[in-house]
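> Pasting a structure here, questions to come.
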Amino acid sequence: MKRNDYLTWDEYFMGIAMLSAMRSKDPSTQVGACIVNDDKRIMSMGYNGMPRCCSDDEYPWDRDGVGLDSKYLYVCHAEFNAILNCERNVRDCTVYVTLFPCNECAKAIVQSGIKEIVYMEDKYADSDSVKASKRMFDTAGVKYRQYVPTGNEKILKF
């Protein structure tokens with residue numbers, strides 16, 4: 001008889017997105033993403049961080065800084081990194097992400113052909129950025145749905 005406490009696909013892929021977020025060095029916001037195809041195969045993963053070859057120690061992580069002293073001009077978001085890190089086409093894939101995509105990531109998601117977003121949190125739902133994202137997704141036919149936690153708890157020890 002098979003065990004009954006295994007992870008659902010949504011739990012599994014959101015769990016990978018959550019684990020990916022733990023790689024972020026951002027002191028205030030850690031976001032992870034996992035791109036999956038229709039065969040339930042992981043195509044790519046990403047987390048928010050500095051671009052390749054740009055030292056995490058030399059660029060600012062301040063969210064309140066102005067202009068060049070703010071992380072916002074430098075950090076690549078998790079979804080964007082997952083798309084760029086993938087060596088294959090992500091058309092018709094699903095992206096699991098721990099935070100609803102901003103408008104810049106929405107553009108990349110739409111352009112890459114991703115068909116669905118499963119997100120954990122939408123804490124910036126009232127921002128113009130997220131409103132623009134939802135508008136683009138609706139226009140392009142990209143579905144989005146909030147991940148519904150099951151209450152299932154798994155503990156990883158490293």
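By order of appearance in the structure tokens: chains A, B, ..., then residues from 1 within every chain, and ligands from 1 in the order shown.
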Residues of stretch 90-118 of chain A that approach stretch 138-145 of chain A to 8 Å or less, counting only C-alpha atoms: could you list each one with the shortest pair of atoms and its distance in Å to one decimal, rows by chain and increasing residue number, as CSV?

residue,atom,partner,partner_atom,distance
A:Val110,CA,A:Ala140,CA,6.8
A:Ile114,CA,A:Val142,CA,7.2
A:Lys115,CA,A:Val142,CA,4.8
A:Glu116,CA,A:Lys143,CA,4.6
A:Ile117,CA,A:Tyr144,CA,4.5
A:Val118,CA,A:Arg145,CA,5.1
> Just to be explicit: take each residue in the selection above, keep all heavy atoms, and write the result as a short mmCIF file (atom, residue, chain, number, x, y, z; two decimals), in the first residue's frame.

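The result, stored in out15.cif:
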data_model
loop_
_atom_site.label_atom_id
_atom_site.label_comp_id
_atom_site.auth_asym_id
_atom_site.auth_seq_id
_atom_site.Cartn_x
_atom_site.Cartn_y
_atom_site.Cartn_z
N VAL A 110 4.82 37.20 -20.08
CA VAL A 110 3.97 37.24 -21.26
C VAL A 110 4.80 36.98 -22.52
O VAL A 110 4.44 36.15 -23.37
CB VAL A 110 3.21 38.59 -21.35
CG1 VAL A 110 2.53 38.74 -22.70
CG2 VAL A 110 2.20 38.70 -20.22
N ILE A 114 4.76 31.90 -21.07
CA ILE A 114 4.28 31.17 -19.89
C ILE A 114 2.77 31.35 -19.81
O ILE A 114 2.25 32.45 -20.00
CB ILE A 114 4.99 31.67 -18.61
CG1 ILE A 114 6.44 31.18 -18.61
CG2 ILE A 114 4.26 31.21 -17.35
CD1 ILE A 114 7.30 31.73 -17.50
N LYS A 115 2.05 30.26 -19.54
CA LYS A 115 0.58 30.31 -19.60
C LYS A 115 -0.11 30.44 -18.26
O LYS A 115 -1.29 30.78 -18.20
CB LYS A 115 0.05 29.08 -20.31
CG LYS A 115 0.26 27.80 -19.52
CD LYS A 115 -0.36 26.59 -20.17
CE LYS A 115 -0.12 25.37 -19.31
NZ LYS A 115 -0.69 24.17 -19.86
N GLU A 116 0.61 30.15 -17.16
CA GLU A 116 -0.04 30.20 -15.85
C GLU A 116 0.95 30.59 -14.76
O GLU A 116 2.12 30.22 -14.81
CB GLU A 116 -0.66 28.84 -15.50
CG GLU A 116 -1.42 28.86 -14.18
CD GLU A 116 -2.08 27.52 -13.83
OE1 GLU A 116 -1.73 26.49 -14.42
OE2 GLU A 116 -2.96 27.54 -12.95
N ILE A 117 0.44 31.33 -13.79
CA ILE A 117 1.21 31.73 -12.61
C ILE A 117 0.48 31.19 -11.39
O ILE A 117 -0.73 31.38 -11.26
CB ILE A 117 1.32 33.26 -12.50
CG1 ILE A 117 2.07 33.82 -13.70
CG2 ILE A 117 1.99 33.68 -11.21
CD1 ILE A 117 1.42 35.00 -14.29
N VAL A 118 1.23 30.51 -10.53
CA VAL A 118 0.70 30.09 -9.23
C VAL A 118 1.54 30.85 -8.21
O VAL A 118 2.76 30.69 -8.17
CB VAL A 118 0.82 28.57 -9.02
CG1 VAL A 118 0.23 28.18 -7.67
CG2 VAL A 118 0.14 27.81 -10.15
#
> If you count only C-alpha atoms, which residues fall within 6 Å of stretch 36-50 of chain A, apart from same-chain ones fewer than 6 positions away, as JSON, numbers by chain?
{"A": [20, 21, 24, 75, 76, 77, 78, 81, 82, 86, 93, 94]}
> Store the residues of this selection in a file with N, CA, C and O atoms, as a PDB file, in the first residue's frame.

ATOM      1  N   SER A  20      14.080  27.889  -3.152  1.00  0.00           N
ATOM      2  CA  SER A  20      14.901  28.768  -3.994  1.00  0.00           C
ATOM      3  C   SER A  20      14.999  30.163  -3.394  1.00  0.00           C
ATOM      4  O   SER A  20      16.061  30.795  -3.449  1.00  0.00           O
ATOM      5  N   ALA A  21      13.899  30.647  -2.806  1.00  0.00           N
ATOM      6  CA  ALA A  21      13.897  31.978  -2.184  1.00  0.00           C
ATOM      7  C   ALA A  21      14.943  32.067  -1.078  1.00  0.00           C
ATOM      8  O   ALA A  21      15.496  33.138  -0.820  1.00  0.00           O
ATOM      9  N   SER A  24      18.294  33.767  -1.779  1.00  0.00           N
ATOM     10  CA  SER A  24      18.391  35.221  -1.930  1.00  0.00           C
ATOM     11  C   SER A  24      19.162  35.831  -0.763  1.00  0.00           C
ATOM     12  O   SER A  24      18.966  35.459   0.384  1.00  0.00           O
ATOM     13  N   VAL A  75      18.732  44.649  -8.726  1.00  0.00           N
ATOM     14  CA  VAL A  75      18.306  43.279  -8.439  1.00  0.00           C
ATOM     15  C   VAL A  75      17.466  42.696  -9.575  1.00  0.00           C
ATOM     16  O   VAL A  75      16.564  43.352 -10.095  1.00  0.00           O
ATOM     17  N   CYS A  76      17.784  41.457  -9.941  1.00  0.00           N
ATOM     18  CA  CYS A  76      16.965  40.689 -10.881  1.00  0.00           C
ATOM     19  C   CYS A  76      15.955  39.892 -10.069  1.00  0.00           C
ATOM     20  O   CYS A  76      16.323  39.213  -9.110  1.00  0.00           O
ATOM     21  N   HIS A  77      14.707  39.966 -10.441  1.00  0.00           N
ATOM     22  CA  HIS A  77      13.661  39.257  -9.710  1.00  0.00           C
ATOM     23  C   HIS A  77      13.678  37.761 -10.023  1.00  0.00           C
ATOM     24  O   HIS A  77      14.220  37.322 -11.044  1.00  0.00           O
ATOM     25  N   ALA A  78      13.075  36.988  -9.152  1.00  0.00           N
ATOM     26  CA  ALA A  78      13.098  35.527  -9.239  1.00  0.00           C
ATOM     27  C   ALA A  78      12.533  35.016 -10.567  1.00  0.00           C
ATOM     28  O   ALA A  78      13.128  34.132 -11.206  1.00  0.00           O
ATOM     29  N   ASN A  81      14.913  35.826 -13.406  1.00  0.00           N
ATOM     30  CA  ASN A  81      16.063  34.929 -13.349  1.00  0.00           C
ATOM     31  C   ASN A  81      15.713  33.536 -13.831  1.00  0.00           C
ATOM     32  O   ASN A  81      16.480  32.907 -14.565  1.00  0.00           O
ATOM     33  N   ALA A  82      14.564  33.022 -13.421  1.00  0.00           N
ATOM     34  CA  ALA A  82      14.164  31.671 -13.847  1.00  0.00           C
ATOM     35  C   ALA A  82      14.002  31.609 -15.367  1.00  0.00           C
ATOM     36  O   ALA A  82      14.422  30.631 -15.996  1.00  0.00           O
ATOM     37  N   CYS A  86      16.831  29.493 -17.959  1.00  0.00           N
ATOM     38  CA  CYS A  86      16.357  28.319 -18.677  1.00  0.00           C
ATOM     39  C   CYS A  86      16.976  28.268 -20.067  1.00  0.00           C
ATOM     40  O   CYS A  86      16.943  29.255 -20.806  1.00  0.00           O
ATOM     41  N   CYS A  93       4.388  26.893 -20.234  1.00  0.00           N
ATOM     42  CA  CYS A  93       4.761  26.403 -18.907  1.00  0.00           C
ATOM     43  C   CYS A  93       3.983  27.150 -17.818  1.00  0.00           C
ATOM     44  O   CYS A  93       3.275  28.121 -18.083  1.00  0.00           O
ATOM     45  N   THR A  94       4.140  26.664 -16.601  1.00  0.00           N
ATOM     46  CA  THR A  94       3.572  27.294 -15.412  1.00  0.00           C
ATOM     47  C   THR A  94       4.727  27.764 -14.546  1.00  0.00           C
ATOM     48  O   THR A  94       5.725  27.048 -14.400  1.00  0.00           O
TER      49      THR A  94
END
> Using DSSP assignments from the backbone, pull out every residue in chain A that falls under strand (DSSP E or B) and give it to me as a count of residues only.
29
> Pull the alpha helix (DSSP H) assignments for stretch 90-120 of chain A out of DSSP run on the backbone, and list those residues as a ChimeraX atom specification.
/A:103-112
> Write out as a PyMOL selection string which residues come within 9 Å of A:Ala106 when counting only C-alpha atoms, dropping same-chain ones fewer than 4 positions away.
chain A and resi 79-80+101-102+110-111+130+132-134+136-137
> What does the file look like for those residues with N, CA and C atoms, as a tab-separated table (two decimals), in the first residue's frame?

chain	number	residue	atom	x	y	z
A	79	GLU	N	11.39	35.54	-10.99
A	79	GLU	CA	10.76	35.08	-12.22
A	79	GLU	C	11.65	35.38	-13.43
A	80	PHE	N	12.20	36.58	-13.44
A	80	PHE	CA	13.09	37.01	-14.51
A	80	PHE	C	14.32	36.10	-14.57
A	101	PRO	N	4.02	38.51	-9.38
A	101	PRO	CA	4.99	39.21	-10.23
A	101	PRO	C	4.71	40.71	-10.41
A	102	CYS	N	5.78	41.48	-10.42
A	102	CYS	CA	5.70	42.91	-10.71
A	102	CYS	C	5.47	43.10	-12.20
A	110	VAL	N	4.82	37.20	-20.08
A	110	VAL	CA	3.97	37.24	-21.26
A	110	VAL	C	4.80	36.98	-22.52
A	111	GLN	N	5.94	37.67	-22.65
A	111	GLN	CA	6.78	37.52	-23.84
A	111	GLN	C	7.32	36.11	-24.01
A	130	VAL	N	1.52	45.83	-9.64
A	130	VAL	CA	0.76	44.57	-9.67
A	130	VAL	C	-0.54	44.74	-10.46
A	132	ALA	N	-0.88	46.62	-13.03
A	132	ALA	CA	-0.44	46.56	-14.43
A	132	ALA	C	-0.15	45.11	-14.83
A	133	SER	N	0.44	44.35	-13.92
A	133	SER	CA	0.71	42.93	-14.20
A	133	SER	C	-0.58	42.19	-14.50
A	134	LYS	N	-1.56	42.36	-13.64
A	134	LYS	CA	-2.83	41.66	-13.81
A	134	LYS	C	-3.52	42.09	-15.10
A	136	MET	N	-1.99	43.08	-17.88
A	136	MET	CA	-1.28	42.43	-18.98
A	136	MET	C	-1.62	40.94	-19.04
A	137	PHE	N	-1.65	40.28	-17.88
A	137	PHE	CA	-1.97	38.85	-17.86
A	137	PHE	C	-3.38	38.60	-18.40
> My list of candidates is A:Glu153, A:Ser28, A:Glu87, A:Tyr6. Which is closest to A:Asp64 when distances are computed with only C-alpha atoms?
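Result for the nearest residue to A:Asp64: A:Ser28.
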> Find the residues near A:Asp5: any atom within 12 Å, counting only C-alpha atoms, skip ones fewer than 5 places away on the same chain, and give them as a VMD selection string.
chain A and resid 11 150 to 154
> My list of candidates is A:Ala33, A:Ile155, A:Ala125, A:Leu68. Which is closest to A:Cys105 when distances are computed with only C-alpha atoms?
A:Ala33
> Kindly give the distance, in Å, that separates atom CA of A:Pro27 and atom CA of A:Asp126, rounded to a single decimal.
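Answer for the atom CA of A:Pro27 to atom CA of A:Asp126 separation: 23.1 Å.
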